[in-house]
$ cat start11.cif   # mmCIF, C-alpha atoms and all ligand atoms
data_protein
loop_
_atom_site.label_atom_id
_atom_site.label_comp_id
_atom_site.auth_asym_id
_atom_site.auth_seq_id
_atom_site.Cartn_x
_atom_site.Cartn_y
_atom_site.Cartn_z
CA MET A 54 111.77 82.30 109.73
CA TRP A 55 110.74 85.93 109.33
CA THR A 56 111.83 88.50 111.90
CA ILE A 57 110.09 91.75 112.90
CA HIS A 58 113.18 93.59 111.73
CA GLN A 59 112.99 92.14 108.18
CA THR A 60 109.25 92.75 108.04
CA VAL A 61 109.50 96.37 109.17
CA ALA A 62 112.21 96.83 106.52
CA LEU A 63 109.69 95.73 103.88
CA PHE A 64 107.14 98.24 105.22
CA ASN A 65 109.82 100.94 104.96
CA LEU A 66 110.55 100.33 101.28
CA PRO A 67 109.44 103.05 98.88
CA PHE A 68 105.85 102.26 97.87
CA MET A 69 106.67 101.52 94.22
CA ASP A 70 109.58 99.23 95.10
CA LEU A 71 107.43 97.30 97.56
CA LEU A 72 104.60 96.89 95.05
CA TYR A 73 106.98 95.85 92.29
CA GLN A 74 108.55 93.17 94.49
CA ALA A 75 105.14 91.90 95.62
CA GLN A 76 103.78 91.78 92.06
CA GLN A 77 106.84 89.86 90.85
CA ILE A 78 106.42 87.26 93.60
CA HIS A 79 102.69 87.11 92.93
CA ARG A 80 103.27 86.33 89.26
CA GLN A 81 105.68 83.52 90.11
CA HIS A 82 102.91 81.65 91.93
CA PHE A 83 99.56 82.86 90.59
CA ASP A 84 97.80 84.05 87.50
CA PRO A 85 97.51 87.81 88.23
CA ASN A 86 94.22 88.01 86.33
CA LYS A 87 92.32 85.41 88.35
CA MET A 88 90.32 85.95 91.52
CA GLN A 89 89.14 83.37 94.02
CA ILE A 90 85.51 84.08 94.92
CA SER A 91 84.06 83.16 98.33
CA MET A 92 80.61 83.79 99.71
CA LEU A 93 79.75 84.18 103.38
CA LEU A 94 76.74 83.23 105.45
CA SER A 95 76.17 83.84 109.12
CA ILE A 96 74.67 80.57 110.36
CA LYS A 97 74.31 81.80 113.96
CA THR A 98 74.15 85.51 114.59
CA GLY A 99 74.86 87.69 117.63
CA ALA A 100 74.67 87.18 121.41
CA CYS A 101 78.29 86.07 121.52
CA PRO A 102 79.84 85.90 125.00
CA GLU A 103 83.27 87.11 123.81
CA ASP A 104 84.43 90.73 124.11
CA CYS A 105 86.20 91.31 120.76
CA GLN A 106 86.02 95.11 120.62
CA TYR A 107 85.57 95.28 116.86
CA CYS A 108 82.65 92.90 116.70
CA PRO A 109 78.97 93.81 116.29
CA GLN A 110 78.04 90.30 117.46
CA SER A 111 79.40 90.55 120.99
CA ALA A 112 76.57 90.52 123.54
CA ARG A 113 78.52 93.12 125.55
CA TYR A 114 77.90 96.00 123.15
CA GLN A 115 74.62 97.68 122.14
CA THR A 116 74.81 97.35 118.38
CA HIS A 117 71.15 97.06 117.35
CA LEU A 118 71.82 93.65 115.86
CA GLU A 119 69.01 91.07 115.80
CA SER A 120 70.29 87.79 117.21
CA GLU A 121 69.42 84.60 115.38
CA LYS A 122 69.75 81.05 116.56
CA LEU A 123 71.54 78.41 114.51
CA LEU A 124 69.91 78.34 111.07
CA ALA A 125 68.01 75.30 109.86
CA ALA A 126 69.91 73.03 107.47
CA GLU A 127 67.52 73.78 104.61
CA GLN A 128 68.19 77.52 104.91
CA ILE A 129 71.95 76.98 104.82
CA ILE A 130 71.78 74.61 101.88
CA ALA A 131 69.47 76.96 99.96
CA ALA A 132 71.94 79.82 100.47
CA ALA A 133 74.81 77.55 99.37
CA LYS A 134 72.92 76.67 96.20
CA GLN A 135 72.49 80.34 95.41
CA ALA A 136 76.18 80.96 96.08
CA LYS A 137 77.09 78.17 93.69
CA HIS A 138 74.68 79.58 91.15
CA SER A 139 76.36 82.99 91.45
CA GLY A 140 79.72 81.46 90.63
CA ALA A 141 81.35 81.26 94.07
CA THR A 142 83.79 78.39 94.52
CA ARG A 143 83.86 78.47 98.32
CA PHE A 144 81.02 78.79 100.82
CA CYS A 145 82.05 80.15 104.23
CA MET A 146 79.79 79.69 107.23
CA GLY A 147 80.30 81.75 110.38
CA ALA A 148 78.87 81.35 113.87
CA ALA A 149 78.99 83.86 116.72
CA TRP A 150 80.27 81.35 119.25
CA ARG A 151 83.19 81.24 121.62
CA ASN A 152 83.40 77.61 120.57
CA PRO A 153 80.97 75.05 119.18
CA ASN A 154 79.11 72.84 121.62
CA ASN A 155 79.82 69.11 121.22
CA ARG A 156 76.12 68.51 120.86
CA ASP A 157 76.09 70.59 117.62
CA MET A 158 78.93 68.67 115.98
CA PRO A 159 76.84 66.03 114.15
CA TYR A 160 74.67 68.80 112.74
CA LEU A 161 77.70 70.80 111.59
CA GLN A 162 79.15 67.66 110.01
CA TYR A 163 75.89 67.12 108.15
CA ILE A 164 75.97 70.72 106.82
CA VAL A 165 79.54 70.26 105.56
CA THR A 166 78.61 67.06 103.74
CA GLU A 167 75.55 68.63 102.11
CA VAL A 168 77.32 71.83 101.00
CA LYS A 169 80.18 69.78 99.55
CA LYS A 170 77.72 67.71 97.57
CA LEU A 171 76.83 70.91 95.67
CA GLY A 172 80.40 71.05 94.34
CA LEU A 173 81.53 73.88 96.61
CA GLU A 174 84.58 74.13 98.82
CA THR A 175 83.49 74.47 102.43
CA CYS A 176 84.82 76.79 105.11
CA MET A 177 83.62 77.29 108.67
CA THR A 178 84.47 79.76 111.39
CA LEU A 179 82.99 78.69 114.70
CA GLY A 180 85.45 79.97 117.31
CA MET A 181 87.87 77.82 119.28
CA LEU A 182 87.96 74.09 118.56
CA THR A 183 89.22 71.11 120.50
CA ALA A 184 91.45 68.61 118.70
CA GLU A 185 88.51 66.21 118.64
CA GLN A 186 86.13 68.74 117.08
CA ALA A 187 88.72 69.56 114.41
CA THR A 188 88.97 65.85 113.58
CA GLN A 189 85.18 65.57 113.38
CA LEU A 190 85.00 68.47 110.90
CA ALA A 191 87.85 66.95 108.88
CA GLN A 192 86.00 63.63 108.76
CA ALA A 193 82.97 65.41 107.33
CA GLY A 194 85.25 66.78 104.60
CA LEU A 195 85.60 70.43 105.70
CA ASP A 196 88.11 72.09 103.37
CA TYR A 197 89.02 75.27 105.34
CA TYR A 198 88.72 76.52 108.88
CA ASN A 199 88.84 80.29 109.41
CA HIS A 200 90.31 81.45 112.69
CA ASN A 201 92.00 84.84 112.68
CA LEU A 202 94.93 85.90 114.84
CA ASP A 203 93.54 89.42 114.29
CA THR A 204 96.65 91.41 115.32
CA SER A 205 100.09 91.12 116.98
CA PRO A 206 100.47 89.20 120.26
CA GLU A 207 101.39 92.50 121.97
CA PHE A 208 98.35 94.48 120.79
CA TYR A 209 95.88 91.59 121.11
CA PRO A 210 95.07 92.07 124.86
CA HIS A 211 93.92 95.64 124.10
CA ILE A 212 91.23 94.19 121.83
CA ILE A 213 90.15 90.85 123.34
CA THR A 214 90.38 89.71 126.93
CA THR A 215 88.12 86.64 126.97
CA ARG A 216 90.55 84.33 125.16
CA THR A 217 94.28 84.44 124.65
CA TYR A 218 96.55 84.54 121.63
CA GLN A 219 97.78 81.12 122.66
CA ASP A 220 94.18 79.80 122.58
CA ARG A 221 94.00 80.91 118.96
CA LEU A 222 97.35 79.33 118.09
CA ASN A 223 96.18 76.09 119.71
CA THR A 224 93.03 76.00 117.57
CA LEU A 225 95.13 76.59 114.44
CA GLU A 226 97.37 73.69 115.46
CA TYR A 227 94.40 71.32 115.94
CA VAL A 228 93.01 72.36 112.56
CA ARG A 229 96.37 71.75 110.89
CA GLN A 230 96.82 68.38 112.60
CA ALA A 231 93.34 67.31 111.49
CA GLY A 232 94.34 67.98 107.87
CA ILE A 233 91.99 70.94 107.28
CA LYS A 234 93.39 73.91 105.34
CA ILE A 235 93.88 77.04 107.43
CA CYS A 236 92.36 80.44 106.73
CA SER A 237 93.84 82.94 109.16
CA GLY A 238 94.56 86.64 108.98
CA GLY A 239 93.71 89.83 110.77
CA ILE A 240 92.12 93.25 110.92
CA LEU A 241 93.69 96.61 110.19
CA GLY A 242 92.34 99.79 111.76
CA LEU A 243 92.04 98.49 115.33
CA GLY A 244 94.42 101.24 116.50
CA GLU A 245 97.52 99.08 115.99
CA SER A 246 100.93 100.40 114.95
CA GLU A 247 102.90 99.38 111.86
CA GLN A 248 105.04 97.28 114.21
CA ASP A 249 101.85 95.40 115.21
CA ARG A 250 100.97 94.79 111.57
CA ALA A 251 104.47 93.40 111.11
CA GLY A 252 103.96 91.31 114.26
CA LEU A 253 100.76 89.78 112.92
CA LEU A 254 102.37 88.88 109.58
CA VAL A 255 105.41 87.37 111.32
CA GLN A 256 103.10 85.16 113.39
CA LEU A 257 101.22 83.98 110.30
CA ALA A 258 104.26 83.47 108.07
CA ASN A 259 106.19 81.62 110.79
CA LEU A 260 103.45 79.07 111.56
CA PRO A 261 104.78 75.53 110.94
CA LYS A 262 103.05 75.90 107.57
CA PRO A 263 101.66 79.33 106.59
CA PRO A 264 97.86 79.51 106.18
CA GLU A 265 96.63 78.58 102.71
CA SER A 266 94.30 81.57 102.92
CA VAL A 267 95.06 84.91 104.63
CA PRO A 268 92.14 87.31 105.00
CA ILE A 269 93.16 90.93 105.55
CA ASN A 270 90.15 92.80 106.89
CA MET A 271 89.76 96.54 107.22
CA LEU A 272 87.81 97.30 110.38
CA VAL A 273 84.12 97.77 109.69
CA LYS A 274 83.26 100.39 112.29
CA VAL A 275 79.97 99.45 113.85
CA LEU A 276 77.98 101.85 116.02
CA GLY A 277 77.91 100.67 119.61
CA THR A 278 81.24 98.83 119.53
CA PRO A 279 84.17 100.33 121.46
CA LEU A 280 86.00 100.93 118.17
CA GLU A 281 83.14 102.81 116.48
CA ASN A 282 85.11 106.07 116.34
CA ASN A 283 88.49 104.64 115.36
CA GLN A 284 90.54 106.60 112.87
CA ASP A 285 90.37 105.38 109.29
CA ILE A 286 93.45 103.60 108.08
CA ASP A 287 95.29 105.29 105.21
CA PRO A 288 94.59 103.29 102.03
CA PHE A 289 98.32 103.23 101.20
CA ASP A 290 99.07 101.60 104.55
CA PHE A 291 96.43 99.00 103.79
CA ILE A 292 97.88 98.29 100.32
CA LYS A 293 101.39 98.08 101.78
CA THR A 294 100.24 95.47 104.30
CA ILE A 295 98.82 93.34 101.48
CA ALA A 296 102.10 93.64 99.59
CA VAL A 297 104.18 92.63 102.62
CA ALA A 298 101.83 89.68 103.26
CA ARG A 299 102.25 88.58 99.63
CA ILE A 300 106.06 88.72 99.89
CA MET A 301 106.13 86.82 103.19
CA MET A 302 103.58 84.18 102.16
CA PRO A 303 104.18 83.74 98.41
CA THR A 304 101.90 80.74 97.86
CA SER A 305 98.98 81.71 100.13
CA TYR A 306 95.80 83.24 98.80
CA ILE A 307 95.53 86.77 100.26
CA ARG A 308 91.93 87.84 100.68
CA LEU A 309 90.92 91.47 100.46
CA SER A 310 88.27 90.77 103.06
CA ALA A 311 85.95 93.08 105.06
CA GLY A 312 86.02 96.81 104.33
CA ARG A 313 85.81 96.81 100.54
CA SER A 314 82.52 98.72 100.63
CA LYS A 315 84.48 101.72 101.93
CA MET A 316 87.31 101.42 99.38
CA ASN A 317 87.29 103.05 95.99
CA GLU A 318 88.05 101.03 92.86
CA GLN A 319 91.59 102.34 92.60
CA THR A 320 92.47 101.23 96.13
CA GLN A 321 91.06 97.78 95.45
CA ALA A 322 92.95 97.57 92.15
CA LEU A 323 96.20 98.43 93.93
CA CYS A 324 95.45 95.74 96.53
CA PHE A 325 95.06 93.23 93.68
CA MET A 326 98.30 94.50 92.17
CA ALA A 327 99.98 94.05 95.57
CA GLY A 328 98.93 90.40 95.54
CA ALA A 329 95.38 90.12 96.87
CA ASN A 330 93.69 87.37 94.86
CA SER A 331 90.55 86.49 96.78
CA ILE A 332 87.40 88.41 97.76
CA PHE A 333 84.09 87.94 99.49
CA TYR A 334 81.36 88.47 96.95
CA GLY A 335 77.71 89.06 97.82
CA CYS A 336 75.62 91.77 99.39
CA LYS A 337 76.43 90.90 102.97
CA LEU A 338 79.48 89.87 105.00
CA LEU A 339 78.33 88.27 108.26
CA THR A 340 76.18 91.08 109.63
CA THR A 341 77.35 94.17 107.72
CA LYS A 342 77.08 95.34 104.14
CA ASN A 343 79.63 94.09 101.62
CA ALA A 344 80.76 95.91 98.48
CA ASP A 345 77.98 96.26 95.93
CA GLN A 346 77.74 93.22 93.65
CA ASP A 347 77.12 95.17 90.46
CA ASN A 348 80.12 97.37 91.18
CA ASP A 349 82.21 94.26 91.77
CA LYS A 350 81.20 92.81 88.45
CA GLN A 351 82.05 96.09 86.73
CA LEU A 352 85.37 96.44 88.53
CA LEU A 353 86.58 92.94 87.71
CA LYS A 354 85.48 93.41 84.15
CA LYS A 355 87.32 96.72 83.85
CA LEU A 356 90.47 95.09 85.20
CA GLY A 357 90.16 92.01 82.99
CA ILE A 358 90.08 89.75 86.03
CA THR A 359 88.02 86.56 85.88
CA PRO A 360 86.94 84.18 88.64
CA GLU A 361 89.11 81.23 89.43
CA THR A 362 87.63 77.82 88.75
CA TYR A 363 87.33 75.18 91.42
CA LYS A 364 88.02 71.79 90.02
CA THR A 365 85.77 69.44 91.94
CA ALA A 366 86.20 65.69 91.94
CA GLN A 367 83.57 65.61 89.21
CA GLY A 368 85.47 68.23 87.17
CA ASP A 369 82.56 70.61 87.57
CA ASN A 370 83.56 74.02 86.25
CA GLU A 371 80.16 75.26 85.35
CA GLN A 372 79.82 77.64 88.29
CA SER A 373 82.78 79.74 87.23
CA ALA A 374 81.33 80.01 83.77
CA GLN A 375 78.21 81.44 85.43
CA LEU A 376 80.08 84.26 87.11
CA ILE A 377 82.16 84.96 84.02
CA ASP A 378 78.94 85.21 82.12
CA GLN A 379 77.48 87.57 84.70
CA LEU A 380 80.63 89.66 84.78
CA CYS A 381 80.29 90.16 81.09
CA HIS A 382 76.54 90.71 81.11
CA ALA A 383 76.05 92.85 84.17
CA ASP A 384 72.32 93.28 83.59
CA THR A 385 71.50 89.66 84.40
CA ASP A 386 70.99 89.59 88.12
CA LEU A 387 71.06 86.12 89.52
CA PHE A 388 72.88 87.02 92.62
CA TYR A 389 72.75 85.60 96.03
CA ASN A 390 70.90 87.62 98.61
CA ALA A 391 71.74 86.83 102.19
CA ALA A 392 68.98 87.26 104.78
CA PRO A 393 68.29 90.97 105.34
N1 LIG B 1 83.07 83.71 116.49
C1 LIG B 1 84.10 83.16 115.70
C2 LIG B 1 85.45 83.69 116.03
O1 LIG B 1 85.55 84.85 116.41
O2 LIG B 1 86.44 82.97 115.87
C3 LIG B 1 83.84 83.26 114.22
C4 LIG B 1 83.18 84.50 113.65
S1 LIG B 1 84.09 86.02 113.78
C5 LIG B 1 82.88 87.23 113.39
C6 LIG B 1 85.19 85.95 112.41
C7 LIG B 1 86.15 87.09 112.20
O3 LIG B 1 85.49 88.21 111.66
C8 LIG B 1 86.86 87.66 113.40
O4 LIG B 1 87.95 86.89 113.79
C9 LIG B 1 87.32 89.02 112.90
O5 LIG B 1 88.63 88.91 112.37
C10 LIG B 1 86.33 89.33 111.79
N2 LIG B 1 85.52 90.51 112.15
C11 LIG B 1 84.53 90.57 113.06
N3 LIG B 1 84.02 91.82 113.15
C12 LIG B 1 84.70 92.58 112.26
C13 LIG B 1 84.63 93.96 111.90
N4 LIG B 1 83.81 94.79 112.49
N5 LIG B 1 85.49 94.40 110.94
C14 LIG B 1 86.35 93.54 110.35
N6 LIG B 1 86.45 92.23 110.66
C15 LIG B 1 85.66 91.76 111.60
C1 LIG B 2 87.19 87.11 107.94
O1 LIG B 2 88.41 87.25 108.09
N1 LIG B 2 86.35 88.08 107.67
C2 LIG B 2 85.00 87.60 107.58
C3 LIG B 2 85.19 86.08 107.73
N2 LIG B 2 86.56 85.95 108.01
C4 LIG B 2 84.35 85.29 108.62
C5 LIG B 2 84.07 88.26 108.51
C6 LIG B 2 84.02 89.76 108.39
C7 LIG B 2 83.01 90.27 109.32
C8 LIG B 2 82.76 91.73 109.19
C9 LIG B 2 81.72 92.23 110.14
C10 LIG B 2 80.35 91.61 109.96
O2 LIG B 2 79.81 91.59 108.83
O3 LIG B 2 79.77 91.18 110.97
FE1 LIG B 3 82.13 86.49 119.10
FE2 LIG B 3 83.65 85.94 116.96
FE3 LIG B 3 82.52 88.37 117.30
FE4 LIG B 3 84.52 87.67 118.88
S1 LIG B 3 84.62 87.95 116.66
S2 LIG B 3 82.59 88.64 119.55
S3 LIG B 3 84.14 85.48 119.12
S4 LIG B 3 81.46 86.46 116.97
#
$ encode --input "start11.cif" --output "C-alpha cells"
Amino acid sequence: MWTIHQTVALFNLPFMDLLYQAQQIHRQHFDPNKMQISMLLSIKTGACPEDCQYCPQSARYQTHLESEKLLAAEQIIAAAKQAKHSGATRFCMGAAWRNPNNRDMPYLQYIVTEVKKLGLETCMTLGMLTAEQATQLAQAGLDYYNHNLDTSPEFYPHIITTRTYQDRLNTLEYVRQAGIKICSGGILGLGESEQDRAGLLVQLANLPKPPESVPINMLVKVLGTPLENNQDIDPFDFIKTIAVARIMMPTSYIRLSAGRSKMNEQTQALCFMAGANSIFYGCKLLTTKNADQDNDKQLLKKLGITPETYKTAQGDNEQSAQLIDQLCHADTDLFYNAAP
C-alpha cells in the first residue's frame, strides 16, 4: 500500500533521479519504443446534468458547444472503421451522461459487439454504472471502462458536487467485479496542490488492483467553464506526475491524455521517457482539438517509437502495420476525421 508520505517523497526527488528511476521501472515492464494508440469518439455530446467544473459538456456552463443526441450505430461503426484503418488498436466511446439509462443498454451492447468485430479493443466512458449495467457491458465483450477519479478525495468537492468520490469508487468496483479492465486517472491543472496529485495517485495505486490504463490529462481550458482562466501547470510538474505514476503503477499503461496540443515535442518526449506509453491519436478528443496528427507522426518517427500491435483472436496485426507505414510516409493521409 502506498502512503501520501512515500508519494510526496517521490515528488521531492531531484528531477533527474526521479526520471531515471521511472525509466528503469518502465523498461522492466514495457518496450520503451512502443506506444499504445487509442482513438476517441463522442457518441453523445453536451447537455450533461453534472457540474464538473472543467467540462465543456456540462449544461450548467455557456461553452458554445452544439449538443448532439446519441449517434446512430452506423455513424459509430463508420468512425471505428476509420480508426482501425488509421492504425488505432483501441476505440474509446464517450457519452456526456451522469449514467446510462437502462433503456440504452441493449443498444450500447450492440455497439460493443460491432466495434469488436472490426478487430479493435473497445472502451466506453458513460458515467456511473450499476453492477448490473457493468455486467451487461462485460457480456457484450467490452474490454475497458474509463471512469476517472480526476483528483484527490480532498480536492474533489471543489470541482464536482453532483456526485461523490465514493460514487466513482463504487463504479470502479462494479467494473472490476464484472471482469472489465479499468481505465482511470485524473486531470492536472484544476488548481490542485502537489499533495492532491499525490492523493490521486495513492487512490489509484491502492485500488484492490491498479487500473490497467491510467490517463493523465492536462486541463483543456474551455471558455465558459469555471476553470477557463486557471493557471497553466508547469511542464516539469506534469512530467514528474507521469514519472511518479509509472513508479507506483509499474505494469499499468500510462496515457498522456488531453492537453498534448498545448505541449511542445520536448515535453511530450520527456513524458514518454518518464513512462507514458499510450496516447489519443486523431484530430479531436471528445469536443476539443487534439494534437495535430501530422505532428504526431513526425514526433513518433523522430523518437523511433512505433505503435503497439493488438493481437486479436484472429491474430490480426494489419492495422499496426498501417500506422507504421503512415508514420514512415507522412504524406499519405488516411486519417480519421471525427465530426467537426
Ligand atoms: N460523462 C462521463 C463521465 O464524466 O464519467 C464520461 C465522459 S467525461 C467527458 C470523461 C473524462 O474526460 C472526465 O472524467 C475528465 O477526466 C475528462 N475531461 C473532461 N473535460 C476535460 C477537460 N476540459 N480537460 C481535461 N480532461 C477533461
Ligand atoms: C480521459 O481521461 N480523457 C478523455 C477520455 N478519458 C474520455 C477525454 C478528454 C476530454 C477533453 C475535453 C474534450 O475534448 O471535451
Ligand atoms: Fe458530464 Fe462527464 Fe462532463 Fe462531468 S465530465 S460534465 S459527467 S460529460
$ residues_near_ligand --input "start11.cif" --ligand "ligand LIG 1 (chain B)" --cutoff "7 Å" --atoms "only C-alpha atoms and all ligand atoms" --output "list of chain:residue names"
A:Tyr107, A:Cys108, A:Pro109, A:Gly147, A:Ala148, A:Ala149, A:Trp150, A:Arg151, A:Thr178, A:Leu179, A:Gly180, A:Met181, A:His200, A:Asn201, A:Asp203, A:Gly239, A:Ile240, A:Asn270, A:Met271, A:Leu272, A:Val273, A:Lys274, A:Val275, A:Ala311, A:Gly312, A:Leu339
$ closest_residue --input "start11.cif" --among "A:Leu171, A:Leu182, A:Ile90, A:Leu190" --to "Asn152 (chain A)" --atoms "all atoms listed in the file"
A:Leu182
$ closest_residue --input "start11.cif" --among "A:Ile300, A:Cys105, A:Leu71, A:Ala100" --to "Leu254 (chain A)" --atoms "all atoms listed in the file"
A:Ile300
$ closest_residue --input "start11.cif" --among "A:Glu127, A:Asp249, A:Glu226, A:Glu361" --to "Glu167 (chain A)" --atoms "all atoms listed in the file"
A:Glu127
$ residues_around --input "start11.cif" --residues "Ala344 (chain A)" --least-positions-apart "4" --cutoff "7 Å" --atoms "all atoms listed in the file" --output "ChimeraX atom specification"
/A:313-314,336
$ closest_residue --input "start11.cif" --among "A:Gln110, A:Glu247, A:Ile292, A:Ser310" --to "Leu338 (chain A)" --atoms "all atoms listed in the file"
A:Ser310
$ closest_residue --input "start11.cif" --among "A:Leu202, A:Ala193, A:Ala131, A:Ala75" --to "ligand LIG 3 (chain B)" --atoms "only C-alpha atoms and all ligand atoms"
A:Leu202
$ residues_around --input "start11.cif" --residues "region 315-322 of chain A" --least-positions-apart "5" --cutoff "12 Å" --atoms "all atoms listed in the file" --output "ChimeraX atom specification"
/A:85-86,88,270-274,285-293,295,308-310,327-332,341-345,348-358
$ residues_around --input "start11.cif" --residues "Asn199 (chain A)" --least-positions-apart "3" --cutoff "7 Å" --atoms "all atoms listed in the file" --output "count of residues only"
6
$ closest_residue --input "start11.cif" --among "A:Phe208, A:Tyr163, A:Tyr218, A:Tyr114" --to "ligand LIG 3 (chain B)" --atoms "only C-alpha atoms and all ligand atoms"
A:Tyr114
$ atom_distance --input "start11.cif" --atom1 "CA of Gln59 (chain A)" --atom2 "CA of Tyr73 (chain A)"
17.4 Å
$ axis_aligned_box --input "start11.cif" --around "ligand LIG 2 (chain B)" --padding-each-side "5 Å" --output "AutoDock Vina command-line options"
--center_x 84.1 --center_y 88.8 --center_z 109.3 --size_x 18.6 --size_y 16.9 --size_z 13.4
$ residues_around --input "start11.cif" --residues "Ile130 (chain A)" --least-positions-apart "3" --cutoff "10 Å" --atoms "all atoms listed in the file" --output "PDB file with C-alpha atoms, keeping the file's coordinate frame"
ATOM      1  CA  ALA A 125      68.010  75.300 109.860  1.00  0.00           C
ATOM      2  CA  ALA A 126      69.910  73.030 107.470  1.00  0.00           C
ATOM      3  CA  GLU A 127      67.520  73.780 104.610  1.00  0.00           C
ATOM      4  CA  ALA A 133      74.810  77.550  99.370  1.00  0.00           C
ATOM      5  CA  LYS A 134      72.920  76.670  96.200  1.00  0.00           C
ATOM      6  CA  GLN A 135      72.490  80.340  95.410  1.00  0.00           C
ATOM      7  CA  ALA A 136      76.180  80.960  96.080  1.00  0.00           C
ATOM      8  CA  ILE A 164      75.970  70.720 106.820  1.00  0.00           C
ATOM      9  CA  VAL A 165      79.540  70.260 105.560  1.00  0.00           C
ATOM     10  CA  GLU A 167      75.550  68.630 102.110  1.00  0.00           C
ATOM     11  CA  VAL A 168      77.320  71.830 101.000  1.00  0.00           C
ATOM     12  CA  LYS A 169      80.180  69.780  99.550  1.00  0.00           C
ATOM     13  CA  LEU A 171      76.830  70.910  95.670  1.00  0.00           C
TER      14      LEU A 171
END
$ residues_around --input "start11.cif" --residues "Ala258 (chain A)" --least-positions-apart "4" --cutoff "9 Å" --atoms "all atoms listed in the file" --output "PyMOL selection string"
chain A and resi 54-55+253-254+262-264+298+301-302
$ atom_distance --input "start11.cif" --atom1 "CA of Thr116 (chain A)" --atom2 "CA of Leu276 (chain A)"
6.0 Å
$ atom_distance --input "start11.cif" --atom1 "CA of Gly172 (chain A)" --atom2 "CA of Thr362 (chain A)"
11.4 Å
